[in-house]
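Some notes on the structure that comes next.
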Amino acid sequence: MKNQPDRKVLFRSDDIEICLQEDLYPEKFSRSMMIEGKSSFNLLFLLSQNIHLEAQDCRTRFKFKKNQYILHYSPQENTAELWTENQEILHYLQIQINYDYIFHLINPKSNKENADILENMIKNNYIFLHKQTPPYMTVEMHMIVKEMISYSKKGVMQRLFIEAKIIKLLILIFEQFNEKNTVEESPEIPSMIKKFVDENYHKNIKVEEIGKCIGINQNKIRKEFKAQYNITVSDYIAELRMLKAKKWSLIKKP
């Protein structure tokens with residue numbers, strides 16, 4: 001049994017450490033230990049399906065779906081065990097950032113909005129955005145994570161690149177959190193829209209037609225879908241079609 005898949009350090013500085021965990025050839029179980037440093041913020045992007053996590057300090061267990069993420073503040077050094085079952089790949093990205101770096105970046109003394117953001121981060125309000133459900137990565141978050149994993153330059157260029165991408169990720173998280181809290185919605189509506197699109201994207205569907213089919217005002221569809229998934233309905237349809245086209249092109253290649 002392979003207990004500890006390869007852990008690759010992509011970047012390390014006095015304030016930031018980025019590690020990529022991926023087990024490409026899992027046996028029956030894949031497991032790894034994740035360490036959170038004292039007074040640190042940890043961004044964890046779950047890049048494979050059905051990842052279990054158990055926090056050692058409180059023995060709390062979670063099960064994540066693919067493409068979910070959390071932003072967690074750890075006041076003390078802590079460890080968490082992550083694992084998959086049934087030969088599923090264990091794949092995640094951990095970004096650990098020192099408290100002092102975030103404090104100076106946000107500068108909570110400058111205004112109340114900044115102070116509220118830092119307080120929400122410390123209280124771990126960014127872990128579950130609605131009804132104890134970990135948030136999903138947006139398309140833009142996906143792109144940033146892929147860029148960070150594939151970036152090959154070293155030295156000052158890498159440091160500037162990484163810091164810029166982390167700032168962008170934090171902005172996207174704050175925006176996603178604020179949208180979830182300001183939009184009054186029935187949680188069933190966005191998932192109903194997504195299900196309809198997933199089943200009918202190959203047709204020439206438009207938002208107006210979706211509204212007629214499921215009985216919801218088109219403006220409400222646009223607003224609530226964007227608030228839930230941080231992507232417009234039209235862009236989501238286009239993305240699905242593009243992925244389908246790529247899949248077919250790979251199949252047709254000799």
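If you're wondering about the labels, chains in the structure tokens are A, B, ... by order shown, residues count from 1 in each chain, ligands from 1 in order shown.
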Would you list the contacts of range 43-56 of chain A as number ranges by chain, taking every protein, DNA or RNA residue within 9 Å and counting only C-alpha atoms, but skipping same-chain residues closer than 2 positions in sequence?
A: 41, 58-73, 78-85, 88-97, 137, 145
Could you list, as a list in words, every residue within 7 Å of Asn98 in chain A, counting only C-alpha atoms and ignoring same-chain residues fewer than 2 positions away?
Asp15, Ile16, Ser39, Ser40, Phe41, Gln96, Asp100, Tyr101 and Ile102 of chain A
State, in Å with one decimal place, the distance from CA of Lys165 in chain A to CA of Met148 in chain A.
7.6 Å
Let's see if you can do this: from backbone DSSP, list all helix (DSSP H, G or I) residues in range 61-210 of chain A, as a VMD selection string.
chain A and resid 99 to 106 112 to 122 139 to 150 156 to 182 188 to 200 207 to 210
For Lys123 in chain A, which residue out of A:Pro75, A:Ile216, A:Glu22, A:Lys146 is the nearest one, using only C-alpha atoms?
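That would be A:Pro75, the residue with the smallest distance to Lys123 in chain A.
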